[in-house]
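*Asks:* Just coords.pdb, nothing more (PDB, N, CA and C atoms):
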```pdb
ATOM      1  N   MET M   7     -23.974 -36.182  27.147
ATOM      2  CA  MET M   7     -22.862 -36.966  26.664
ATOM      3  C   MET M   7     -21.971 -36.178  25.718
ATOM      4  N   VAL M   8     -22.474 -35.100  25.152
ATOM      5  CA  VAL M   8     -21.682 -34.280  24.236
ATOM      6  C   VAL M   8     -20.805 -33.340  25.049
ATOM      7  N   ARG M   9     -19.522 -33.303  24.672
ATOM      8  CA  ARG M   9     -18.567 -32.429  25.340
ATOM      9  C   ARG M   9     -17.992 -31.436  24.337
ATOM     10  N   SER M  10     -17.435 -30.373  24.837
ATOM     11  CA  SER M  10     -16.817 -29.358  23.989
ATOM     12  C   SER M  10     -15.804 -29.997  23.051
ATOM     13  N   GLY M  11     -15.793 -29.518  21.809
ATOM     14  CA  GLY M  11     -14.848 -29.989  20.816
ATOM     15  C   GLY M  11     -15.255 -31.243  20.071
ATOM     16  N   MET M  12     -16.332 -31.898  20.473
ATOM     17  CA  MET M  12     -16.766 -33.144  19.821
ATOM     18  C   MET M  12     -17.404 -32.872  18.458
ATOM     19  N   TRP M  13     -17.415 -33.911  17.623
ATOM     20  CA  TRP M  13     -18.159 -33.927  16.369
ATOM     21  C   TRP M  13     -19.503 -34.604  16.619
ATOM     22  N   VAL M  14     -20.572 -34.025  16.066
ATOM     23  CA  VAL M  14     -21.903 -34.625  16.150
ATOM     24  C   VAL M  14     -22.477 -34.624  14.738
ATOM     25  N   ASP M  15     -22.916 -35.784  14.277
ATOM     26  CA  ASP M  15     -23.521 -35.886  12.952
ATOM     27  C   ASP M  15     -25.025 -36.075  13.095
ATOM     28  N   TYR M  16     -25.767 -35.148  12.506
ATOM     29  CA  TYR M  16     -27.225 -35.226  12.514
ATOM     30  C   TYR M  16     -27.687 -36.085  11.346
ATOM     31  N   GLY M  17     -28.851 -36.680  11.483
ATOM     32  CA  GLY M  17     -29.436 -37.452  10.393
ATOM     33  C   GLY M  17     -29.865 -36.548   9.244
ATOM     34  N   TYR M  18     -30.081 -37.144   8.103
ATOM     35  CA  TYR M  18     -30.405 -36.458   6.865
ATOM     36  C   TYR M  18     -31.915 -36.290   6.715
ATOM     37  N   ALA M  19     -32.351 -35.090   6.380
ATOM     38  CA  ALA M  19     -33.757 -34.786   6.081
ATOM     39  C   ALA M  19     -34.704 -35.232   7.205
ATOM     40  N   LEU M  20     -35.536 -36.227   6.955
ATOM     41  CA  LEU M  20     -36.492 -36.663   7.976
ATOM     42  C   LEU M  20     -35.822 -37.373   9.143
ATOM     43  N   GLY M  21     -34.543 -37.698   9.002
ATOM     44  CA  GLY M  21     -33.786 -38.296  10.095
ATOM     45  C   GLY M  21     -33.185 -37.251  11.019
ATOM     46  N   PHE M  22     -33.541 -35.978  10.806
ATOM     47  CA  PHE M  22     -33.021 -34.890  11.646
ATOM     48  C   PHE M  22     -33.432 -35.131  13.109
ATOM     49  N   PRO M  23     -32.474 -35.127  14.019
ATOM     50  CA  PRO M  23     -32.754 -35.463  15.423
ATOM     51  C   PRO M  23     -33.259 -34.258  16.224
ATOM     52  N   ARG M  24     -34.526 -33.963  16.100
ATOM     53  CA  ARG M  24     -35.095 -32.775  16.752
ATOM     54  C   ARG M  24     -34.826 -32.717  18.249
ATOM     55  N   LEU M  25     -35.062 -33.805  18.946
ATOM     56  CA  LEU M  25     -34.883 -33.807  20.396
ATOM     57  C   LEU M  25     -33.421 -33.580  20.770
ATOM     58  N   ILE M  26     -32.513 -34.248  20.086
ATOM     59  CA  ILE M  26     -31.088 -34.044  20.364
ATOM     60  C   ILE M  26     -30.707 -32.600  20.078
ATOM     61  N   ASP M  27     -31.185 -32.060  18.966
ATOM     62  CA  ASP M  27     -30.904 -30.670  18.606
ATOM     63  C   ASP M  27     -31.416 -29.713  19.688
ATOM     64  N   GLU M  28     -32.628 -29.928  20.163
ATOM     65  CA  GLU M  28     -33.199 -29.076  21.217
ATOM     66  C   GLU M  28     -32.376 -29.165  22.500
ATOM     67  N   LYS M  29     -32.001 -30.382  22.888
ATOM     68  CA  LYS M  29     -31.242 -30.568  24.129
ATOM     69  C   LYS M  29     -29.835 -29.980  24.013
ATOM     70  N   LEU M  30     -29.217 -30.109  22.849
ATOM     71  CA  LEU M  30     -27.907 -29.482  22.659
ATOM     72  C   LEU M  30     -28.021 -27.962  22.757
ATOM     73  N   ALA M  31     -29.046 -27.403  22.134
ATOM     74  CA  ALA M  31     -29.248 -25.953  22.187
ATOM     75  C   ALA M  31     -29.390 -25.472  23.630
ATOM     76  N   GLU M  32     -30.075 -26.245  24.456
ATOM     77  CA  GLU M  32     -30.230 -25.885  25.872
ATOM     78  C   GLU M  32     -28.897 -25.897  26.602
ATOM     79  N   GLN M  33     -27.964 -26.716  26.142
ATOM     80  CA  GLN M  33     -26.653 -26.850  26.794
ATOM     81  C   GLN M  33     -25.611 -25.871  26.258
ATOM     82  N   ALA M  34     -25.989 -24.993  25.347
ATOM     83  CA  ALA M  34     -25.037 -24.089  24.699
ATOM     84  C   ALA M  34     -24.088 -23.370  25.662
ATOM     85  N   PRO M  35     -24.574 -22.790  26.771
ATOM     86  CA  PRO M  35     -23.649 -22.048  27.636
ATOM     87  C   PRO M  35     -22.488 -22.884  28.185
ATOM     88  N   GLY M  36     -22.658 -24.183  28.297
ATOM     89  CA  GLY M  36     -21.610 -25.030  28.851
ATOM     90  C   GLY M  36     -20.752 -25.734  27.811
ATOM     91  N   LEU M  37     -20.959 -25.422  26.528
ATOM     92  CA  LEU M  37     -20.233 -26.091  25.457
ATOM     93  C   LEU M  37     -19.469 -25.094  24.602
ATOM     94  N   GLU M  38     -18.346 -25.553  24.041
ATOM     95  CA  GLU M  38     -17.565 -24.731  23.118
ATOM     96  C   GLU M  38     -17.163 -25.567  21.914
ATOM     97  N   ARG M  39     -17.304 -24.973  20.734
ATOM     98  CA  ARG M  39     -16.811 -25.553  19.486
ATOM     99  C   ARG M  39     -17.269 -26.992  19.223
ATOM    100  N   VAL M  40     -18.521 -27.282  19.523
ATOM    101  CA  VAL M  40     -19.088 -28.574  19.140
ATOM    102  C   VAL M  40     -19.370 -28.473  17.645
ATOM    103  N   LYS M  41     -18.795 -29.367  16.876
ATOM    104  CA  LYS M  41     -18.905 -29.324  15.422
ATOM    105  C   LYS M  41     -20.028 -30.259  14.980
ATOM    106  N   ILE M  42     -21.033 -29.679  14.321
ATOM    107  CA  ILE M  42     -22.228 -30.431  13.921
ATOM    108  C   ILE M  42     -22.315 -30.455  12.404
ATOM    109  N   ARG M  43     -22.560 -31.663  11.866
ATOM    110  CA  ARG M  43     -22.797 -31.815  10.432
ATOM    111  C   ARG M  43     -24.215 -32.311  10.225
ATOM    112  N   GLY M  44     -24.902 -31.697   9.285
ATOM    113  CA  GLY M  44     -26.262 -32.096   8.955
ATOM    114  C   GLY M  44     -26.462 -32.043   7.456
ATOM    115  N   ALA M  45     -27.707 -32.239   7.049
ATOM    116  CA  ALA M  45     -28.065 -32.148   5.637
ATOM    117  C   ALA M  45     -29.585 -32.079   5.534
ATOM    118  N   LEU M  46     -30.054 -31.101   4.809
ATOM    119  CA  LEU M  46     -31.489 -30.948   4.559
ATOM    120  C   LEU M  46     -32.331 -30.997   5.833
ATOM    121  N   ALA M  47     -31.974 -30.200   6.809
ATOM    122  CA  ALA M  47     -32.743 -30.152   8.062
ATOM    123  C   ALA M  47     -34.183 -29.779   7.743
ATOM    124  N   GLU M  48     -35.104 -30.611   8.169
ATOM    125  CA  GLU M  48     -36.515 -30.379   7.845
ATOM    126  C   GLU M  48     -37.158 -29.336   8.748
ATOM    127  N   SER M  49     -36.451 -28.917   9.792
ATOM    128  CA  SER M  49     -36.926 -27.828  10.638
ATOM    129  C   SER M  49     -35.729 -26.967  11.022
ATOM    130  N   GLU M  50     -35.990 -25.823  11.583
ATOM    131  CA  GLU M  50     -34.915 -24.902  11.952
ATOM    132  C   GLU M  50     -34.020 -25.536  13.025
ATOM    133  N   PRO M  51     -32.728 -25.689  12.744
ATOM    134  CA  PRO M  51     -31.841 -26.223  13.769
ATOM    135  C   PRO M  51     -31.765 -25.263  14.970
ATOM    136  N   GLN M  52     -32.117 -25.766  16.126
ATOM    137  CA  GLN M  52     -32.139 -24.938  17.325
ATOM    138  C   GLN M  52     -30.735 -24.494  17.742
ATOM    139  N   VAL M  53     -29.723 -25.299  17.415
ATOM    140  CA  VAL M  53     -28.353 -24.890  17.738
ATOM    141  C   VAL M  53     -27.963 -23.642  16.953
ATOM    142  N   LEU M  54     -28.524 -23.463  15.758
ATOM    143  CA  LEU M  54     -28.278 -22.241  14.991
ATOM    144  C   LEU M  54     -29.070 -21.071  15.563
ATOM    145  N   ARG M  55     -30.285 -21.349  15.970
ATOM    146  CA  ARG M  55     -31.130 -20.285  16.517
ATOM    147  C   ARG M  55     -30.509 -19.679  17.775
ATOM    148  N   VAL M  56     -29.999 -20.528  18.678
ATOM    149  CA  VAL M  56     -29.472 -20.018  19.952
ATOM    150  C   VAL M  56     -28.034 -19.519  19.846
ATOM    151  N   ASP M  57     -27.325 -19.903  18.780
ATOM    152  CA  ASP M  57     -25.910 -19.556  18.677
ATOM    153  C   ASP M  57     -25.515 -19.147  17.257
ATOM    154  N   PRO M  58     -26.128 -18.083  16.720
ATOM    155  CA  PRO M  58     -25.796 -17.697  15.348
ATOM    156  C   PRO M  58     -24.349 -17.227  15.197
ATOM    157  N   GLY M  59     -23.705 -16.835  16.289
ATOM    158  CA  GLY M  59     -22.314 -16.403  16.230
ATOM    159  C   GLY M  59     -21.307 -17.539  16.278
ATOM    160  N   GLN M  60     -21.777 -18.774  16.386
ATOM    161  CA  GLN M  60     -20.957 -19.980  16.386
ATOM    162  C   GLN M  60     -19.906 -20.004  17.501
ATOM    163  N   GLU M  61     -20.277 -19.495  18.653
ATOM    164  CA  GLU M  61     -19.377 -19.556  19.802
ATOM    165  C   GLU M  61     -19.402 -20.944  20.442
ATOM    166  N   HIS M  62     -20.543 -21.593  20.372
ATOM    167  CA  HIS M  62     -20.712 -22.888  21.020
ATOM    168  C   HIS M  62     -20.808 -24.034  20.008
ATOM    169  N   PHE M  63     -21.454 -23.766  18.881
ATOM    170  CA  PHE M  63     -21.682 -24.785  17.853
ATOM    171  C   PHE M  63     -21.188 -24.288  16.504
ATOM    172  N   VAL M  64     -20.483 -25.155  15.798
ATOM    173  CA  VAL M  64     -20.064 -24.870  14.432
ATOM    174  C   VAL M  64     -20.853 -25.816  13.548
ATOM    175  N   TYR M  65     -21.842 -25.283  12.850
ATOM    176  CA  TYR M  65     -22.785 -26.097  12.088
ATOM    177  C   TYR M  65     -22.435 -26.049  10.605
ATOM    178  N   SER M  66     -22.366 -27.213   9.979
ATOM    179  CA  SER M  66     -22.116 -27.327   8.547
ATOM    180  C   SER M  66     -23.121 -28.303   7.958
ATOM    181  N   SER M  67     -23.462 -28.083   6.688
ATOM    182  CA  SER M  67     -24.463 -28.927   6.044
ATOM    183  C   SER M  67     -23.951 -29.439   4.701
ATOM    184  N   TYR M  68     -24.202 -30.727   4.452
ATOM    185  CA  TYR M  68     -23.853 -31.319   3.156
ATOM    186  C   TYR M  68     -24.803 -30.852   2.058
ATOM    187  N   HIS M  69     -26.009 -30.495   2.423
ATOM    188  CA  HIS M  69     -26.992 -29.995   1.464
ATOM    189  C   HIS M  69     -27.936 -29.069   2.231
ATOM    190  N   LEU M  70     -27.924 -27.788   1.906
ATOM    191  CA  LEU M  70     -28.684 -26.794   2.664
ATOM    192  C   LEU M  70     -30.182 -26.874   2.390
ATOM    193  N   SER M  71     -30.960 -27.008   3.447
ATOM    194  CA  SER M  71     -32.413 -26.893   3.347
ATOM    195  C   SER M  71     -32.747 -25.401   3.389
ATOM    196  N   ALA M  72     -34.004 -25.061   3.214
ATOM    197  CA  ALA M  72     -34.407 -23.660   3.300
ATOM    198  C   ALA M  72     -34.076 -23.090   4.683
ATOM    199  N   ALA M  73     -34.314 -23.871   5.728
ATOM    200  CA  ALA M  73     -34.042 -23.414   7.097
ATOM    201  C   ALA M  73     -32.547 -23.176   7.300
ATOM    202  N   GLU M  74     -31.720 -24.089   6.824
ATOM    203  CA  GLU M  74     -30.278 -23.932   6.965
ATOM    204  C   GLU M  74     -29.758 -22.792   6.089
ATOM    205  N   ARG M  75     -30.323 -22.656   4.893
ATOM    206  CA  ARG M  75     -29.856 -21.622   3.965
ATOM    207  C   ARG M  75     -30.032 -20.220   4.542
ATOM    208  N   ARG M  76     -31.100 -19.990   5.288
ATOM    209  CA  ARG M  76     -31.299 -18.668   5.911
ATOM    210  C   ARG M  76     -30.121 -18.324   6.829
ATOM    211  N   TYR M  77     -29.638 -19.300   7.561
ATOM    212  CA  TYR M  77     -28.484 -19.069   8.436
ATOM    213  C   TYR M  77     -27.190 -18.971   7.628
ATOM    214  N   HIS M  78     -27.063 -19.809   6.609
ATOM    215  CA  HIS M  78     -25.872 -19.767   5.759
ATOM    216  C   HIS M  78     -25.723 -18.396   5.112
ATOM    217  N   ASP M  79     -26.824 -17.844   4.613
ATOM    218  CA  ASP M  79     -26.777 -16.556   3.935
ATOM    219  C   ASP M  79     -26.400 -15.418   4.874
ATOM    220  N   ARG M  80     -26.549 -15.628   6.176
ATOM    221  CA  ARG M  80     -26.149 -14.628   7.180
ATOM    222  C   ARG M  80     -24.758 -14.932   7.744
ATOM    223  N   GLY M  81     -24.105 -15.983   7.233
ATOM    224  CA  GLY M  81     -22.769 -16.341   7.688
ATOM    225  C   GLY M  81     -22.744 -17.105   8.994
ATOM    226  N   CYS M  82     -23.857 -17.750   9.353
ATOM    227  CA  CYS M  82     -23.975 -18.445  10.642
ATOM    228  C   CYS M  82     -23.707 -19.940  10.557
ATOM    229  N   CYS M  83     -23.552 -20.483   9.368
ATOM    230  CA  CYS M  83     -23.200 -21.892   9.197
ATOM    231  C   CYS M  83     -22.532 -22.032   7.836
ATOM    232  N   SER M  84     -22.000 -23.197   7.559
ATOM    233  CA  SER M  84     -21.287 -23.381   6.299
ATOM    234  C   SER M  84     -21.831 -24.561   5.508
ATOM    235  N   TYR M  85     -21.473 -24.568   4.249
ATOM    236  CA  TYR M  85     -21.850 -25.621   3.321
ATOM    237  C   TYR M  85     -20.637 -26.512   3.100
ATOM    238  N   ILE M  86     -20.832 -27.821   3.088
ATOM    239  CA  ILE M  86     -19.764 -28.777   2.804
ATOM    240  C   ILE M  86     -19.942 -29.228   1.356
ATOM    241  N   PRO M  87     -19.074 -28.801   0.449
ATOM    242  CA  PRO M  87     -19.207 -29.236  -0.946
ATOM    243  C   PRO M  87     -19.107 -30.758  -1.043
ATOM    244  N   SER M  88     -20.108 -31.362  -1.621
ATOM    245  CA  SER M  88     -20.128 -32.822  -1.714
ATOM    246  C   SER M  88     -21.201 -33.263  -2.708
ATOM    247  N   SER M  89     -21.101 -34.513  -3.095
ATOM    248  CA  SER M  89     -22.176 -35.121  -3.877
ATOM    249  C   SER M  89     -22.840 -36.151  -2.977
ATOM    250  N   LEU M  90     -24.114 -36.317  -3.123
ATOM    251  CA  LEU M  90     -24.859 -37.227  -2.261
ATOM    252  C   LEU M  90     -24.236 -38.622  -2.248
ATOM    253  N   GLY M  91     -23.855 -39.117  -3.389
ATOM    254  CA  GLY M  91     -23.281 -40.455  -3.471
ATOM    255  C   GLY M  91     -21.885 -40.565  -2.869
ATOM    256  N   GLY M  92     -21.197 -39.436  -2.713
ATOM    257  CA  GLY M  92     -19.841 -39.461  -2.181
ATOM    258  C   GLY M  92     -19.743 -39.349  -0.676
ATOM    259  N   ILE M  93     -20.828 -38.976  -0.024
ATOM    260  CA  ILE M  93     -20.785 -38.756   1.434
ATOM    261  C   ILE M  93     -20.451 -40.029   2.215
ATOM    262  N   PRO M  94     -21.032 -41.191   1.905
ATOM    263  CA  PRO M  94     -20.658 -42.391   2.662
ATOM    264  C   PRO M  94     -19.151 -42.680   2.603
ATOM    265  N   GLY M  95     -18.539 -42.428   1.460
ATOM    266  CA  GLY M  95     -17.109 -42.655   1.324
ATOM    267  C   GLY M  95     -16.296 -41.757   2.239
ATOM    268  N   LEU M  96     -16.781 -40.546   2.493
ATOM    269  CA  LEU M  96     -16.081 -39.644   3.410
ATOM    270  C   LEU M  96     -15.973 -40.266   4.798
ATOM    271  N   TYR M  97     -17.006 -40.947   5.208
ATOM    272  CA  TYR M  97     -17.007 -41.593   6.518
ATOM    273  C   TYR M  97     -16.186 -42.881   6.503
ATOM    274  N   ARG M  98     -16.320 -43.668   5.452
ATOM    275  CA  ARG M  98     -15.557 -44.922   5.364
ATOM    276  C   ARG M  98     -14.054 -44.666   5.357
ATOM    277  N   GLU M  99     -13.639 -43.584   4.688
ATOM    278  CA  GLU M  99     -12.222 -43.263   4.573
ATOM    279  C   GLU M  99     -11.708 -42.417   5.729
ATOM    280  N   GLY M 100     -12.586 -42.068   6.670
ATOM    281  CA  GLY M 100     -12.165 -41.290   7.825
ATOM    282  C   GLY M 100     -11.985 -39.809   7.551
ATOM    283  N   LEU M 101     -12.345 -39.357   6.367
ATOM    284  CA  LEU M 101     -12.174 -37.942   6.035
ATOM    285  C   LEU M 101     -13.144 -37.046   6.781
ATOM    286  N   ALA M 102     -14.267 -37.584   7.202
ATOM    287  CA  ALA M 102     -15.287 -36.792   7.886
ATOM    288  C   ALA M 102     -14.880 -36.475   9.325
ATOM    289  N   ASP M 103     -13.816 -37.062   9.822
ATOM    290  CA  ASP M 103     -13.376 -36.804  11.187
ATOM    291  C   ASP M 103     -12.428 -35.618  11.273
ATOM    292  N   ARG M 104     -12.219 -34.936  10.194
ATOM    293  CA  ARG M 104     -11.267 -33.815  10.180
ATOM    294  C   ARG M 104     -11.965 -32.502  10.024
TER     295      ARG M 104
END
```
Now, as a test, write the supplied structure out as structure tokens.
*Replies:*
Amino acid sequence: MVRSGMWVDYGYALGFPRLIDEKLAEQAPGLERVKIRGALAESEPQVLRVDPGQEHFVYSSYHLSAAERRYHDRGCCSYIPSSLGGIPGLYREGLADR
């Protein structure tokens, strides 16, 4: 169901969608610029593992976990400056769609 250019929001911490992440990673060759937002991924995001050059997935995190930070420190994903309490407002105001 995910197409090139779409936004995908992953769940926070224990809500991290492992199966969706694995299936998206498998689809990498057929996708371009899928923008993924996560936070505190409790396991290594497979989309980062298969695409560290961000040709297929552009991964950003509201709060970097140890797994995400390893990729961030290599320039493979980005951090979204935010406060935990302010994130819901980003979605309510439509700012997260940009």
*Asks:* List the neighbours of stretch 34-39 of chain M out to 6 Å using only C-alpha atoms; skip same-chain residues closer than 4 positions along the sequence, and give me the result as a PyMOL selection string.
*Replies:* chain M and resi 10-11+62-63
*Asks:* Which of these residues is nearest to M:Ala19, using only C-alpha atoms: M:Cys82, M:Ala45, M:Val40, M:Met7?
*Replies:*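 Smallest separation from M:Ala19 among the options: M:Ala45.
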*Asks:* Report as a ChimeraX atom specification all protein, DNA and RNA residues lying within 6 Å of M:Tyr85, evaluated on all atoms listed in the file, omitting residues in the same chain fewer than 5 positions from it.
*Replies:* /M:66-68
*Asks:* For atom N of M:Ile86 and atom C of M:Ala72, quote the distance in Å rounded to one decimal.
*Replies:*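 Computed distance, atom N of M:Ile86 to atom C of M:Ala72, equals 14.2 Å.
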*Asks:* Name the residues of chain M that fall into alpha helix (DSSP H) according to DSSP on the backbone, using the chain letters and numbers of this document, as a PyMOL selection string.
*Replies:* chain M and resi 24-32+52-56+72-79+93-98
*Asks:* Hey, could you patch up stretch 60-71 of chain M with all heavy atoms and hand it over as a compact mmCIF listing (two decimals), in the frame of the given file?
*Replies:*
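Resulting contents of rebuild_31.txt:
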```
# COMPACT_ATOMS: atom_id res chain seq x y z
N GLN M 60 -21.78 -18.77 16.39
CA GLN M 60 -20.96 -19.98 16.39
C GLN M 60 -19.91 -20.00 17.50
O GLN M 60 -18.80 -20.48 17.31
CB GLN M 60 -20.29 -20.17 15.02
CG GLN M 60 -21.27 -20.33 13.88
CD GLN M 60 -20.57 -20.60 12.58
OE1 GLN M 60 -20.14 -21.71 12.35
NE2 GLN M 60 -20.48 -19.58 11.75
N GLU M 61 -20.28 -19.50 18.65
CA GLU M 61 -19.38 -19.56 19.80
C GLU M 61 -19.40 -20.94 20.44
O GLU M 61 -18.40 -21.39 21.00
CB GLU M 61 -19.78 -18.52 20.84
CG GLU M 61 -19.59 -17.10 20.38
CD GLU M 61 -20.08 -16.10 21.41
OE1 GLU M 61 -19.92 -16.36 22.61
OE2 GLU M 61 -20.62 -15.07 20.99
N HIS M 62 -20.54 -21.59 20.37
CA HIS M 62 -20.71 -22.89 21.02
C HIS M 62 -20.81 -24.03 20.01
O HIS M 62 -20.34 -25.13 20.28
CB HIS M 62 -21.96 -22.88 21.91
CG HIS M 62 -21.96 -21.75 22.88
ND1 HIS M 62 -21.21 -21.76 24.03
CD2 HIS M 62 -22.58 -20.54 22.84
CE1 HIS M 62 -21.39 -20.62 24.68
NE2 HIS M 62 -22.22 -19.87 23.98
N PHE M 63 -21.45 -23.77 18.88
CA PHE M 63 -21.68 -24.78 17.85
C PHE M 63 -21.19 -24.29 16.50
O PHE M 63 -21.46 -23.16 16.12
CB PHE M 63 -23.18 -25.11 17.74
CG PHE M 63 -23.81 -25.52 19.04
CD1 PHE M 63 -24.69 -24.67 19.69
CD2 PHE M 63 -23.51 -26.75 19.62
CE1 PHE M 63 -25.27 -25.04 20.89
CE2 PHE M 63 -24.08 -27.12 20.82
CZ PHE M 63 -24.97 -26.27 21.46
N VAL M 64 -20.48 -25.16 15.80
CA VAL M 64 -20.06 -24.87 14.43
C VAL M 64 -20.85 -25.82 13.55
O VAL M 64 -20.60 -27.02 13.53
CB VAL M 64 -18.54 -25.09 14.25
CG1 VAL M 64 -18.14 -24.81 12.82
CG2 VAL M 64 -17.77 -24.21 15.23
N TYR M 65 -21.84 -25.28 12.85
CA TYR M 65 -22.78 -26.10 12.09
C TYR M 65 -22.44 -26.05 10.60
O TYR M 65 -22.24 -24.97 10.03
CB TYR M 65 -24.20 -25.56 12.30
CG TYR M 65 -25.29 -26.43 11.75
CD1 TYR M 65 -25.98 -27.32 12.56
CD2 TYR M 65 -25.66 -26.36 10.41
CE1 TYR M 65 -26.99 -28.13 12.07
CE2 TYR M 65 -26.67 -27.15 9.90
CZ TYR M 65 -27.33 -28.03 10.74
OH TYR M 65 -28.34 -28.83 10.24
N SER M 66 -22.37 -27.21 9.98
CA SER M 66 -22.12 -27.33 8.55
C SER M 66 -23.12 -28.30 7.96
O SER M 66 -23.54 -29.25 8.63
CB SER M 66 -20.70 -27.85 8.29
OG SER M 66 -19.75 -27.00 8.89
N SER M 67 -23.46 -28.08 6.69
CA SER M 67 -24.46 -28.93 6.04
C SER M 67 -23.95 -29.44 4.70
O SER M 67 -23.36 -28.69 3.92
CB SER M 67 -25.75 -28.14 5.83
OG SER M 67 -26.72 -28.94 5.19
N TYR M 68 -24.20 -30.73 4.45
CA TYR M 68 -23.85 -31.32 3.16
C TYR M 68 -24.80 -30.85 2.06
O TYR M 68 -24.46 -30.86 0.89
CB TYR M 68 -23.92 -32.85 3.23
CG TYR M 68 -22.80 -33.47 4.02
CD1 TYR M 68 -23.04 -34.07 5.25
CD2 TYR M 68 -21.50 -33.48 3.54
CE1 TYR M 68 -22.02 -34.66 5.97
CE2 TYR M 68 -20.47 -34.06 4.25
CZ TYR M 68 -20.74 -34.65 5.47
OH TYR M 68 -19.73 -35.24 6.19
N HIS M 69 -26.01 -30.50 2.42
CA HIS M 69 -26.99 -30.00 1.46
C HIS M 69 -27.94 -29.07 2.23
O HIS M 69 -28.65 -29.52 3.11
CB HIS M 69 -27.77 -31.15 0.83
CG HIS M 69 -28.61 -30.72 -0.32
ND1 HIS M 69 -28.13 -30.66 -1.61
CD2 HIS M 69 -29.90 -30.31 -0.37
CE1 HIS M 69 -29.09 -30.24 -2.40
NE2 HIS M 69 -30.17 -30.02 -1.68
N LEU M 70 -27.92 -27.79 1.91
CA LEU M 70 -28.68 -26.79 2.66
C LEU M 70 -30.18 -26.87 2.39
O LEU M 70 -30.61 -26.81 1.24
CB LEU M 70 -28.20 -25.39 2.32
CG LEU M 70 -26.75 -25.07 2.69
CD1 LEU M 70 -26.32 -23.78 2.03
CD2 LEU M 70 -26.59 -24.99 4.19
N SER M 71 -30.96 -27.01 3.45
CA SER M 71 -32.41 -26.89 3.35
C SER M 71 -32.75 -25.40 3.39
O SER M 71 -31.87 -24.56 3.62
CB SER M 71 -33.09 -27.61 4.51
OG SER M 71 -32.79 -26.93 5.73
```
